>>> print(open('final-v4.txt').read())   # compact mmCIF, C-alpha atoms and all ligand atoms
# COMPACT_ATOMS: atom_id res chain seq x y z
CA MET A 1 -168.48 11.73 -93.58
CA PRO A 2 -170.91 11.11 -90.69
CA ASN A 3 -172.77 7.81 -90.35
CA GLN A 4 -172.54 6.50 -93.90
CA ASN A 5 -174.98 3.67 -93.15
CA ASP A 6 -177.70 5.71 -91.54
CA PRO A 7 -176.87 9.32 -92.32
CA PHE A 8 -180.11 10.74 -91.02
CA LYS A 9 -180.28 9.87 -87.32
CA THR A 10 -179.64 13.32 -85.92
CA SER A 11 -179.25 12.06 -82.34
CA GLU A 12 -176.18 10.16 -83.56
CA ILE A 13 -174.61 13.10 -85.37
CA PRO A 14 -172.86 15.40 -82.87
CA VAL A 15 -172.50 18.91 -84.25
CA GLY A 16 -170.23 21.76 -83.17
CA VAL A 17 -171.00 25.46 -83.56
CA VAL A 18 -168.09 27.88 -83.14
CA GLY A 19 -168.96 31.54 -82.57
CA LEU A 20 -171.97 32.32 -80.42
CA GLY A 21 -173.08 35.71 -81.65
CA LEU A 22 -176.44 36.48 -83.24
CA MET A 23 -176.36 33.63 -85.73
CA GLY A 24 -174.39 31.06 -83.73
CA CYS A 25 -177.13 31.11 -81.08
CA SER A 26 -180.02 30.64 -83.51
CA ILE A 27 -178.13 27.95 -85.48
CA THR A 28 -177.50 26.10 -82.20
CA THR A 29 -181.23 26.35 -81.46
CA CYS A 30 -182.13 24.94 -84.88
CA LEU A 31 -179.76 21.97 -84.46
CA LEU A 32 -181.03 21.20 -80.95
CA ILE A 33 -184.62 21.25 -82.20
CA ALA A 34 -183.58 18.82 -84.98
CA GLY A 35 -182.27 16.41 -82.31
CA HIS A 36 -178.48 16.82 -82.63
CA PRO A 37 -176.19 16.80 -79.62
CA VAL A 38 -174.51 20.21 -79.89
CA VAL A 39 -171.22 21.57 -78.57
CA ALA A 40 -171.33 25.35 -78.80
CA VAL A 41 -167.89 26.92 -78.55
CA ALA A 42 -167.36 30.53 -77.48
CA PRO A 43 -164.15 31.77 -79.12
CA ILE A 44 -164.27 34.95 -77.03
CA GLY A 45 -165.32 35.22 -73.40
CA VAL A 46 -168.09 37.78 -74.00
CA ASP A 47 -170.12 35.16 -75.88
CA LEU A 48 -170.65 33.42 -72.54
CA LEU A 49 -172.46 36.46 -71.16
CA HIS A 50 -175.40 36.04 -73.53
CA ALA A 51 -175.24 32.67 -75.33
CA GLU A 52 -177.13 30.55 -72.81
CA SER A 53 -179.90 33.07 -72.24
CA ARG A 54 -180.29 33.75 -75.99
CA ILE A 55 -180.59 30.06 -76.84
CA ARG A 56 -182.98 29.54 -73.93
CA GLU A 57 -185.11 32.47 -75.13
CA HIS A 58 -185.19 31.09 -78.71
CA LEU A 59 -186.31 27.70 -77.39
CA HIS A 60 -188.87 29.28 -75.10
CA LYS A 61 -190.36 31.33 -77.96
CA SER A 62 -190.29 28.26 -80.22
CA LYS A 63 -192.50 26.46 -77.71
CA GLU A 64 -194.74 29.49 -77.23
CA ASN A 65 -195.25 29.66 -81.01
CA GLY A 66 -195.92 25.95 -81.46
CA LEU A 67 -192.68 25.15 -83.29
CA VAL A 68 -191.79 22.53 -80.66
CA SER A 69 -193.68 20.84 -77.86
CA ASP A 70 -190.88 20.57 -75.28
CA GLY A 71 -189.42 23.36 -73.17
CA PRO A 72 -185.81 24.63 -73.15
CA GLU A 73 -184.66 22.21 -70.41
CA TYR A 74 -185.40 19.22 -72.64
CA TYR A 75 -183.03 20.56 -75.31
CA PHE A 76 -180.40 21.84 -72.88
CA ASP A 77 -179.69 18.20 -71.94
CA ASN A 78 -178.17 17.90 -75.42
CA LEU A 79 -176.11 21.11 -75.25
CA ILE A 80 -172.64 21.93 -73.99
CA ILE A 81 -171.57 25.57 -74.04
CA THR A 82 -167.83 25.93 -73.56
CA GLU A 83 -164.69 27.91 -74.38
CA ASP A 84 -162.77 24.66 -74.85
CA TYR A 85 -162.22 23.62 -78.49
CA ALA A 86 -161.24 20.12 -77.30
CA SER A 87 -164.95 19.46 -76.65
CA LEU A 88 -165.42 19.36 -80.44
CA ARG A 89 -163.43 16.14 -80.65
CA THR A 90 -166.44 13.92 -81.43
CA SER A 91 -168.26 16.40 -83.70
CA GLN A 92 -169.04 15.02 -87.14
CA LEU A 93 -169.96 18.43 -88.47
CA VAL A 94 -168.65 21.82 -87.31
CA ILE A 95 -170.26 25.12 -88.27
CA GLU A 96 -168.01 28.17 -87.96
CA CYS A 97 -169.97 31.29 -87.27
CA THR A 98 -167.45 33.98 -86.30
CA ILE A 99 -167.25 37.55 -87.58
CA GLU A 100 -166.67 38.18 -91.28
CA ASP A 101 -162.86 38.39 -90.99
CA LYS A 102 -160.67 36.00 -92.92
CA ASP A 103 -157.74 36.09 -90.45
CA ILE A 104 -159.99 35.36 -87.49
CA LYS A 105 -161.71 32.54 -89.37
CA ALA A 106 -158.27 31.11 -90.31
CA SER A 107 -157.13 30.99 -86.68
CA VAL A 108 -160.45 29.41 -85.66
CA TYR A 109 -160.07 26.68 -88.35
CA GLN A 110 -156.62 25.85 -87.00
CA LYS A 111 -158.05 25.31 -83.54
CA ILE A 112 -160.97 23.26 -84.85
CA GLU A 113 -158.86 21.05 -87.13
CA ALA A 114 -156.43 20.36 -84.30
CA VAL A 115 -159.17 18.37 -82.55
CA ILE A 116 -161.74 17.03 -85.04
CA SER A 117 -161.29 13.83 -87.06
CA ALA A 118 -160.25 13.97 -90.73
CA GLU A 119 -163.70 12.65 -91.73
CA ALA A 120 -165.69 15.36 -89.94
CA LEU A 121 -167.16 18.10 -92.11
CA LEU A 122 -166.07 21.71 -91.54
CA THR A 123 -168.34 24.51 -92.76
CA SER A 124 -168.59 28.30 -92.62
CA ASN A 125 -171.59 30.58 -92.34
CA THR A 126 -169.70 33.33 -94.16
CA SER A 127 -171.97 35.79 -95.96
CA ALA A 128 -169.59 36.70 -98.75
CA ILE A 129 -166.03 35.36 -98.41
CA PRO A 130 -165.57 32.87 -101.28
CA ILE A 131 -165.56 29.28 -100.01
CA SER A 132 -162.72 28.49 -102.45
CA SER A 133 -160.50 31.00 -100.67
CA LEU A 134 -161.52 29.95 -97.13
CA GLN A 135 -160.90 26.27 -97.82
CA LYS A 136 -157.29 27.08 -98.76
CA LEU A 137 -156.80 27.96 -95.09
CA THR A 138 -157.69 24.43 -93.98
CA ARG A 139 -155.84 21.12 -93.80
CA HIS A 140 -158.52 19.13 -95.61
CA PRO A 141 -160.11 21.44 -98.20
CA GLU A 142 -162.29 18.69 -99.69
CA ARG A 143 -164.37 18.45 -96.47
CA PHE A 144 -164.84 22.22 -96.26
CA LEU A 145 -168.14 23.75 -97.51
CA GLY A 146 -170.20 26.88 -97.06
CA LEU A 147 -173.34 26.54 -94.96
CA HIS A 148 -175.09 29.86 -95.26
CA TRP A 149 -178.07 30.36 -92.94
CA ALA A 150 -180.64 33.13 -92.60
CA GLU A 151 -181.43 34.75 -89.28
CA PRO A 152 -183.27 33.58 -87.20
CA SER A 153 -181.98 30.16 -88.21
CA HIS A 154 -184.48 28.16 -86.18
CA THR A 155 -187.50 29.66 -87.97
CA THR A 156 -186.26 30.42 -91.51
CA ARG A 157 -186.44 27.76 -94.23
CA PHE A 158 -183.44 29.16 -96.13
CA LEU A 159 -180.08 27.37 -96.32
CA GLU A 160 -177.38 27.58 -98.97
CA ILE A 161 -174.85 24.75 -99.15
CA ILE A 162 -171.87 25.97 -101.15
CA CYS A 163 -169.14 23.89 -102.76
CA GLY A 164 -165.78 25.59 -103.18
CA ASP A 165 -163.40 24.63 -106.01
CA GLN A 166 -161.92 21.83 -103.90
CA SER A 167 -165.04 20.70 -101.99
CA SER A 168 -166.44 17.24 -102.47
CA VAL A 169 -169.84 17.71 -104.15
CA GLU A 170 -170.85 14.39 -102.59
CA LYS A 171 -170.39 15.91 -99.13
CA GLY A 172 -172.49 18.87 -100.29
CA GLU A 173 -175.22 16.44 -101.33
CA TYR A 174 -175.03 14.77 -97.92
CA LEU A 175 -175.55 18.14 -96.17
CA TYR A 176 -178.36 18.90 -98.60
CA ALA A 177 -180.17 15.73 -97.56
CA LEU A 178 -179.40 16.15 -93.85
CA SER A 179 -180.63 19.74 -93.76
CA HIS A 180 -184.16 18.64 -94.62
CA LEU A 181 -184.20 17.33 -91.04
CA TRP A 182 -183.40 20.87 -89.90
CA ARG A 183 -186.70 21.82 -91.59
CA LYS A 184 -184.88 23.67 -94.37
CA GLU A 185 -185.70 24.03 -98.03
CA PRO A 186 -182.01 23.97 -99.02
CA ILE A 187 -180.16 25.14 -102.10
CA LEU A 188 -177.00 23.38 -103.30
CA VAL A 189 -174.59 25.81 -104.94
CA ARG A 190 -172.40 23.45 -106.93
CA LYS A 191 -169.94 26.11 -108.15
CA ASP A 192 -168.59 28.85 -105.90
CA ILE A 193 -169.47 32.45 -106.78
CA PRO A 194 -169.08 35.61 -104.64
CA GLY A 195 -172.25 36.30 -102.67
CA PHE A 196 -173.54 32.82 -103.56
CA ILE A 197 -177.12 32.97 -104.85
CA THR A 198 -179.15 34.93 -102.35
CA ASN A 199 -176.73 37.78 -101.75
CA ARG A 200 -176.22 38.34 -105.45
CA LEU A 201 -179.98 38.75 -105.78
CA MET A 202 -180.40 40.84 -102.62
CA TYR A 203 -177.43 43.15 -103.18
CA ALA A 204 -178.60 44.00 -106.69
CA MET A 205 -181.76 45.25 -104.96
CA TYR A 206 -179.92 47.05 -102.10
CA ARG A 207 -177.78 48.89 -104.65
CA GLU A 208 -180.73 50.04 -106.72
CA ALA A 209 -182.66 51.05 -103.56
CA MET A 210 -179.80 53.30 -102.45
CA TYR A 211 -179.42 54.78 -105.90
CA LEU A 212 -183.12 55.72 -105.96
CA VAL A 213 -182.96 57.42 -102.54
CA GLU A 214 -179.60 59.17 -103.06
CA ASN A 215 -180.80 60.60 -106.35
CA GLY A 216 -184.08 61.91 -104.95
CA TYR A 217 -186.48 59.61 -106.82
CA ALA A 218 -188.17 58.43 -103.62
CA SER A 219 -187.77 58.47 -99.85
CA ILE A 220 -186.39 55.59 -97.79
CA GLU A 221 -189.92 54.98 -96.49
CA ASP A 222 -191.38 54.81 -99.99
CA VAL A 223 -188.70 52.47 -101.33
CA ASP A 224 -189.33 50.15 -98.37
CA ARG A 225 -193.11 50.38 -98.93
CA SER A 226 -192.70 49.49 -102.59
CA CYS A 227 -190.59 46.46 -101.76
CA ARG A 228 -192.94 45.19 -99.06
CA ASN A 229 -196.11 45.54 -101.05
CA ASN A 230 -194.94 44.29 -104.42
CA ALA A 231 -192.12 41.76 -104.02
CA GLY A 232 -193.28 41.07 -100.48
CA TYR A 233 -196.61 39.75 -101.70
CA PHE A 234 -195.25 37.01 -103.90
CA MET A 235 -191.76 36.13 -102.72
CA THR A 236 -192.79 33.81 -99.92
CA PHE A 237 -195.04 31.98 -102.38
CA VAL A 238 -192.87 31.73 -105.48
CA GLY A 239 -189.43 32.72 -106.73
CA ILE A 240 -188.54 35.02 -109.59
CA PHE A 241 -188.92 32.60 -112.47
CA ARG A 242 -192.27 31.14 -111.38
CA TRP A 243 -193.44 34.72 -110.77
CA MET A 244 -192.70 35.64 -114.40
CA ASP A 245 -194.49 32.48 -115.53
CA LEU A 246 -197.50 33.41 -113.41
CA THR A 247 -197.73 36.94 -114.70
CA GLY A 248 -196.71 36.65 -118.36
CA VAL A 249 -193.13 36.24 -119.55
CA LYS A 250 -193.49 38.39 -122.67
CA ALA A 251 -194.04 41.59 -120.72
CA TYR A 252 -190.79 41.06 -118.78
CA HIS A 253 -188.94 40.51 -122.04
CA THR A 254 -190.15 43.85 -123.36
CA VAL A 255 -189.43 45.76 -120.15
CA MET A 256 -185.91 44.30 -119.85
CA LYS A 257 -184.96 45.74 -123.21
CA ASN A 258 -185.84 49.25 -122.10
CA LEU A 259 -185.10 49.16 -118.38
CA PHE A 260 -181.81 47.28 -118.06
CA PRO A 261 -179.68 50.05 -119.61
CA THR A 262 -181.05 52.49 -116.99
CA LEU A 263 -180.39 50.38 -113.87
CA PHE A 264 -177.57 51.51 -111.60
CA ASN A 265 -174.40 49.44 -111.80
CA GLY A 266 -172.00 51.40 -109.56
CA THR A 267 -169.26 49.55 -107.71
CA GLU A 268 -168.60 51.92 -104.78
CA VAL A 269 -170.25 51.51 -101.38
CA PRO A 270 -173.11 54.08 -101.54
CA LYS A 271 -172.80 57.27 -99.50
CA LEU A 272 -176.19 56.62 -97.92
CA ILE A 273 -174.99 53.53 -96.04
CA ASP A 274 -171.46 54.88 -95.57
CA ASP A 275 -172.84 57.87 -93.65
CA VAL A 276 -174.91 55.63 -91.34
CA VAL A 277 -171.94 53.37 -90.55
CA LYS A 278 -169.47 56.26 -90.09
CA ALA A 279 -171.89 57.84 -87.61
CA GLY A 280 -171.77 54.58 -85.58
CA GLY A 281 -175.16 53.33 -86.73
CA ASN A 282 -175.97 49.63 -86.92
CA GLY A 283 -179.77 49.76 -87.12
CA VAL A 284 -182.19 48.37 -84.59
CA SER A 285 -179.43 46.75 -82.49
CA ASN A 286 -178.12 50.19 -81.40
CA ALA A 287 -181.22 52.25 -82.22
CA LYS A 288 -179.37 54.11 -85.00
CA GLY A 289 -179.82 53.24 -88.66
CA PHE A 290 -181.52 54.47 -91.85
CA TYR A 291 -184.45 55.29 -89.59
CA ALA A 292 -184.26 57.00 -86.18
CA TYR A 293 -185.35 54.90 -83.17
CA THR A 294 -186.00 55.48 -79.54
CA PRO A 295 -184.72 52.54 -77.44
CA GLU A 296 -188.38 51.48 -76.92
CA GLY A 297 -189.06 51.74 -80.67
CA ALA A 298 -186.02 49.60 -81.50
CA LYS A 299 -187.14 46.96 -79.00
CA LEU A 300 -190.65 46.94 -80.46
CA TRP A 301 -189.26 46.40 -83.99
CA GLU A 302 -187.18 43.48 -82.74
CA GLU A 303 -190.12 41.89 -80.95
CA THR A 304 -192.49 42.42 -83.87
CA PHE A 305 -190.00 40.91 -86.31
CA SER A 306 -189.57 37.88 -84.07
CA LYS A 307 -193.35 37.35 -83.98
CA PHE A 308 -193.60 37.80 -87.75
CA THR A 309 -190.94 35.15 -88.48
CA TYR A 310 -193.11 32.49 -86.82
CA GLN A 311 -196.23 33.65 -88.65
CA ILE A 312 -194.66 33.82 -92.11
CA ARG A 313 -193.10 30.41 -91.56
CA GLU A 314 -196.56 28.99 -90.80
CA LEU A 315 -197.97 30.58 -93.95
CA ALA A 316 -195.06 29.41 -96.14
CA LEU A 317 -195.43 25.86 -94.86
CA GLN A 318 -198.97 25.81 -96.24
CA TYR A 319 -197.52 26.46 -99.70
CA PRO A 320 -194.41 24.27 -100.10
CA ALA A 321 -192.70 25.06 -103.39
CA ASP A 322 -193.47 21.74 -104.99
CA LEU A 323 -197.04 21.41 -103.66
CA ILE A 324 -198.77 22.23 -106.92
CA ASP A 325 -196.40 20.09 -109.00
CA LYS A 326 -197.04 17.23 -106.56
CA LYS A 327 -200.83 17.67 -106.83
CA LEU A 328 -200.52 17.66 -110.60
CA GLN A 329 -198.44 14.50 -110.55
CA GLN A 330 -200.96 12.82 -108.22
CA SER A 331 -203.92 13.59 -110.46
CA GLN A 332 -201.96 12.42 -113.54
CA ASP A 333 -201.13 9.15 -111.74
CA GLU A 334 -204.79 8.67 -110.77
CA ASN A 335 -205.87 9.13 -114.38
CA LEU A 336 -203.46 6.49 -115.71
N1 LIG B 401 -176.29 38.41 -89.16
C1 LIG B 401 -176.82 37.80 -90.21
O1 LIG B 401 -178.00 37.97 -90.55
C2 LIG B 401 -175.97 36.84 -91.02
C3 LIG B 401 -176.57 36.10 -92.05
C4 LIG B 401 -175.82 35.15 -92.75
C5 LIG B 401 -174.48 34.97 -92.45
N2 LIG B 401 -173.88 35.72 -91.46
C6 LIG B 401 -172.46 35.48 -91.18
O2 LIG B 401 -172.35 34.75 -89.96
C7 LIG B 401 -171.11 35.09 -89.31
C8 LIG B 401 -171.43 35.57 -87.90
O3 LIG B 401 -172.33 36.66 -87.97
P1 LIG B 401 -173.21 37.16 -86.73
O4 LIG B 401 -174.26 38.03 -87.29
O5 LIG B 401 -173.56 36.02 -85.86
O6 LIG B 401 -172.11 38.08 -85.99
P2 LIG B 401 -172.03 38.53 -84.48
O7 LIG B 401 -171.26 39.81 -84.49
O8 LIG B 401 -173.33 38.51 -83.78
O9 LIG B 401 -171.09 37.40 -83.81
C9 LIG B 401 -169.80 37.24 -84.23
C10 LIG B 401 -169.10 36.22 -83.35
O10 LIG B 401 -167.75 36.09 -83.84
C11 LIG B 401 -166.93 35.66 -82.80
N3 LIG B 401 -165.76 36.53 -82.70
C12 LIG B 401 -165.74 37.89 -82.59
N4 LIG B 401 -164.47 38.32 -82.46
C13 LIG B 401 -163.69 37.21 -82.50
C14 LIG B 401 -162.28 37.01 -82.41
N5 LIG B 401 -161.43 38.02 -82.26
N6 LIG B 401 -161.83 35.73 -82.47
C15 LIG B 401 -162.67 34.68 -82.62
N7 LIG B 401 -164.02 34.83 -82.72
C16 LIG B 401 -164.51 36.08 -82.65
C17 LIG B 401 -167.75 35.70 -81.52
O11 LIG B 401 -168.19 34.40 -81.25
C18 LIG B 401 -168.91 36.60 -81.88
O12 LIG B 401 -170.04 36.35 -81.08
C19 LIG B 401 -170.42 36.12 -90.19
O13 LIG B 401 -169.52 35.48 -91.06
C20 LIG B 401 -171.60 36.71 -90.99
O14 LIG B 401 -171.19 37.26 -92.21
C21 LIG B 401 -174.61 36.63 -90.73
>>> encode(input="final-v4.txt", output="structure tokens")
Amino acid sequence: MPNQNDPFKTSEIPVGVVGLGLMGCSITTCLLIAGHPVVAVAPIGVDLLHAESRIREHLHKSKENGLVSDGPEYYFDNLIITEDYASLRTSQLVIECTIEDKDIKASVYQKIEAVISAEALLTSNTSAIPISSLQKLTRHPERFLGLHWAEPSHTTRFLEIICGDQSSVEKGEYLYALSHLWRKEPILVRKDIPGFITNRLMYAMYREAMYLVENGYASIEDVDRSCRNNAGYFMTFVGIFRWMDLTGVKAYHTVMKNLFPTLFNGTEVPKLIDDVVKAGGNGVSNAKGFYAYTPEGAKLWEETFSKFTYQIRELALQYPADLIDKKLQQSQDENL
């Protein structure tokens, strides 16, 4: 495990990121901002066409939005972008961020483990492949954990650290502590479960949303509007349990009795999303999704979302989860 004596000096913890697509680039940005030396490995040549400019753009926008005070060049001194896995040799933590394909991830782990030390941590940003099954593909399963980020990783506060059946929970706790320096509000998932925590919650909602549209209860626009204006108003402030506490637990108890038996619990991929994907749609990235986009419209959505992520981060930081509990503790201490 990295730097047992002083685990929290990021400048002394070299990190490797393997896979420089959408998430690999924003994860690299987050780690550079936190002060780590980063080796960013491109497993396929096409990554090199965009990686440097994407990371530079993230850093540039981070400065523009007050997230950092230095410009991209300052951080680029700490970054190596390469196709050569051997450059990972000194990494104490490696984050695999390749496409969601078990065979590809397996071949990438082989290349990584051929060069890193036995003490270095190896992690995956997989969205849904169980960590317990991925770690079976590695030489040292106990040092393998899930590290599940949310895009864009340099602005979001979300991070799930997932222990597989064979992972050392102690190493999970180390990553939990370290990730506070990445400005995360992390979650430690001590027991592996498909989808981890966030995707189990989110996919329950995606499934119900599709059921409502497919069965003519509401339009796509209206389902989105409902989500934004109800859940959207409280979710950045509190989670589900605190929300029920805030608004009266008894009412939820009553509604659950009546509503749960009516919720959709299908197991097939819904036709609504199947049709979009079969028609080649991917959403804003190719201007073809649940909504129709012109290329200009798609670009505007991307830009607006980017701006919003900085603003909501600012707002969320004014209301850290434990702020009120801390205030309460302070006033209790003062009264002693
Ligand atoms: N996009 C998200 O919001 C999101 C969120 C959480 C987790 N994830 C997970 O992160 C991982 C990467 O997702 P992404 O959105 O960055 O994907 P992406 O498609 O933008 O990038 C995928 C990367 O995989 C690598 N790759 C592709 N083909 C390869 C091959 N044949 N051999 C080796 N490497 C190859 C390349 O580096 C490529 O850039 C996936 O496991 C995904 O499930 C994504």
>>> closest_atom_pairs(input="final-v4.txt", of="range 214-327 of chain A", to="range 65-76 of chain A", cutoff="12 Å", atoms="only C-alpha atoms", output="JSON lines")
{"residue": "A:Ser306", "atom": "CA", "partner": "A:Asn65", "partner_atom": "CA", "distance": 10.4}
{"residue": "A:Lys307", "atom": "CA", "partner": "A:Asn65", "partner_atom": "CA", "distance": 8.5}
{"residue": "A:Phe308", "atom": "CA", "partner": "A:Asn65", "partner_atom": "CA", "distance": 10.7}
{"residue": "A:Thr309", "atom": "CA", "partner": "A:Asn65", "partner_atom": "CA", "distance": 10.2}
{"residue": "A:Tyr310", "atom": "CA", "partner": "A:Asn65", "partner_atom": "CA", "distance": 6.8}
{"residue": "A:Gln311", "atom": "CA", "partner": "A:Asn65", "partner_atom": "CA", "distance": 8.7}
{"residue": "A:Ile312", "atom": "CA", "partner": "A:Asn65", "partner_atom": "CA", "distance": 11.9}
{"residue": "A:Arg313", "atom": "CA", "partner": "A:Leu67", "partner_atom": "CA", "distance": 9.8}
{"residue": "A:Glu314", "atom": "CA", "partner": "A:Leu67", "partner_atom": "CA", "distance": 9.3}
{"residue": "A:Leu317", "atom": "CA", "partner": "A:Leu67", "partner_atom": "CA", "distance": 11.9}
>>> closest_residue(input="final-v4.txt", among="A:Arg190, A:Phe264, A:Gly232, A:Glu334", to="Asn215 in chain A", atoms="only C-alpha atoms")
A:Phe264
>>> atom_distance(input="final-v4.txt", atom1="CA of Lys271 in chain A", atom2="CA of Pro130 in chain A")
25.5 Å
>>> atom_distance(input="final-v4.txt", atom1="CA of Asp165 in chain A", atom2="CA of Tyr109 in chain A")
18.1 Å
>>> residues_near_ligand(input="final-v4.txt", ligand="ligand LIG 401 (chain B)", cutoff="8 Å", atoms="all atoms listed in the file", output="ChimeraX atom specification")
/A:18-25,41-44,46-47,96-101,104-105,107-108,124-128,148-152
>>> write_last_selection(input="final-v4.txt", atoms="C-alpha atoms", output="compact mmCIF listing (two decimals), keeping the file's coordinate frame")
# COMPACT_ATOMS: atom_id res chain seq x y z
CA VAL A 18 -168.09 27.88 -83.14
CA GLY A 19 -168.96 31.54 -82.57
CA LEU A 20 -171.97 32.32 -80.42
CA GLY A 21 -173.08 35.71 -81.65
CA LEU A 22 -176.44 36.48 -83.24
CA MET A 23 -176.36 33.63 -85.73
CA GLY A 24 -174.39 31.06 -83.73
CA CYS A 25 -177.13 31.11 -81.08
CA VAL A 41 -167.89 26.92 -78.55
CA ALA A 42 -167.36 30.53 -77.48
CA PRO A 43 -164.15 31.77 -79.12
CA ILE A 44 -164.27 34.95 -77.03
CA VAL A 46 -168.09 37.78 -74.00
CA ASP A 47 -170.12 35.16 -75.88
CA GLU A 96 -168.01 28.17 -87.96
CA CYS A 97 -169.97 31.29 -87.27
CA THR A 98 -167.45 33.98 -86.30
CA ILE A 99 -167.25 37.55 -87.58
CA GLU A 100 -166.67 38.18 -91.28
CA ASP A 101 -162.86 38.39 -90.99
CA ILE A 104 -159.99 35.36 -87.49
CA LYS A 105 -161.71 32.54 -89.37
CA SER A 107 -157.13 30.99 -86.68
CA VAL A 108 -160.45 29.41 -85.66
CA SER A 124 -168.59 28.30 -92.62
CA ASN A 125 -171.59 30.58 -92.34
CA THR A 126 -169.70 33.33 -94.16
CA SER A 127 -171.97 35.79 -95.96
CA ALA A 128 -169.59 36.70 -98.75
CA HIS A 148 -175.09 29.86 -95.26
CA TRP A 149 -178.07 30.36 -92.94
CA ALA A 150 -180.64 33.13 -92.60
CA GLU A 151 -181.43 34.75 -89.28
CA PRO A 152 -183.27 33.58 -87.20
>>> closest_residue(input="final-v4.txt", among="A:Phe290, A:Trp243, A:Pro186, A:Leu201", to="Asn230 in chain A", atoms="only C-alpha atoms")
A:Trp243
>>> atom_distance(input="final-v4.txt", atom1="CA of Gly16 in chain A", atom2="CA of Leu48 in chain A")
15.8 Å
>>> decode(input="final-v4.txt", residues="range 191-204 of chain A", atoms="N, CA, C and O atoms", output="mmCIF file, in the first residue's frame")
data_model
loop_
_atom_site.group_PDB
_atom_site.id
_atom_site.type_symbol
_atom_site.label_atom_id
_atom_site.label_comp_id
_atom_site.auth_asym_id
_atom_site.auth_seq_id
_atom_site.Cartn_x
_atom_site.Cartn_y
_atom_site.Cartn_z
ATOM 1 N N LYS A 191 -19.287 -4.646 0.846
ATOM 2 C CA LYS A 191 -19.635 -5.961 0.288
ATOM 3 C C LYS A 191 -20.097 -5.749 -1.145
ATOM 4 O O LYS A 191 -20.968 -4.915 -1.396
ATOM 5 N N ASP A 192 -19.532 -6.488 -2.068
ATOM 6 C CA ASP A 192 -19.827 -6.321 -3.486
ATOM 7 C C ASP A 192 -21.291 -6.660 -3.800
ATOM 8 O O ASP A 192 -21.834 -7.628 -3.269
ATOM 9 N N ILE A 193 -21.895 -5.849 -4.647
ATOM 10 C CA ILE A 193 -23.264 -6.119 -5.112
ATOM 11 C C ILE A 193 -23.375 -5.524 -6.515
ATOM 12 O O ILE A 193 -22.850 -4.430 -6.764
ATOM 13 N N PRO A 194 -24.050 -6.228 -7.463
ATOM 14 C CA PRO A 194 -24.139 -5.698 -8.826
ATOM 15 C C PRO A 194 -24.717 -4.284 -8.841
ATOM 16 O O PRO A 194 -25.716 -4.011 -8.173
ATOM 17 N N GLY A 195 -24.070 -3.407 -9.588
ATOM 18 C CA GLY A 195 -24.548 -2.022 -9.699
ATOM 19 C C GLY A 195 -24.093 -1.146 -8.537
ATOM 20 O O GLY A 195 -24.346 0.055 -8.518
ATOM 21 N N PHE A 196 -23.454 -1.782 -7.547
ATOM 22 C CA PHE A 196 -22.994 -1.067 -6.342
ATOM 23 C C PHE A 196 -24.190 -0.322 -5.727
ATOM 24 O O PHE A 196 -25.287 -0.862 -5.731
ATOM 25 N N ILE A 197 -23.965 0.875 -5.211
ATOM 26 C CA ILE A 197 -25.097 1.553 -4.555
ATOM 27 C C ILE A 197 -25.819 2.454 -5.558
ATOM 28 O O ILE A 197 -27.018 2.333 -5.793
ATOM 29 N N THR A 198 -25.051 3.336 -6.179
ATOM 30 C CA THR A 198 -25.716 4.366 -6.974
ATOM 31 C C THR A 198 -26.479 3.802 -8.160
ATOM 32 O O THR A 198 -27.597 4.227 -8.446
ATOM 33 N N ASN A 199 -25.886 2.815 -8.855
ATOM 34 C CA ASN A 199 -26.599 2.313 -10.031
ATOM 35 C C ASN A 199 -27.823 1.485 -9.675
ATOM 36 O O ASN A 199 -28.787 1.437 -10.432
ATOM 37 N N ARG A 200 -27.825 0.879 -8.516
ATOM 38 C CA ARG A 200 -29.045 0.177 -8.092
ATOM 39 C C ARG A 200 -30.174 1.198 -7.889
ATOM 40 O O ARG A 200 -31.316 0.975 -8.275
ATOM 41 N N LEU A 201 -29.807 2.336 -7.290
ATOM 42 C CA LEU A 201 -30.824 3.374 -7.069
ATOM 43 C C LEU A 201 -31.267 3.968 -8.409
ATOM 44 O O LEU A 201 -32.453 4.091 -8.699
ATOM 45 N N MET A 202 -30.277 4.329 -9.238
ATOM 46 C CA MET A 202 -30.593 5.037 -10.484
ATOM 47 C C MET A 202 -31.348 4.142 -11.472
ATOM 48 O O MET A 202 -32.285 4.589 -12.125
ATOM 49 N N TYR A 203 -30.943 2.868 -11.568
ATOM 50 C CA TYR A 203 -31.590 2.000 -12.561
ATOM 51 C C TYR A 203 -33.016 1.641 -12.172
ATOM 52 O O TYR A 203 -33.855 1.393 -13.037
ATOM 53 N N ALA A 204 -33.305 1.652 -10.872
ATOM 54 C CA ALA A 204 -34.703 1.450 -10.460
ATOM 55 C C ALA A 204 -35.537 2.598 -11.040
ATOM 56 O O ALA A 204 -36.664 2.410 -11.510
#
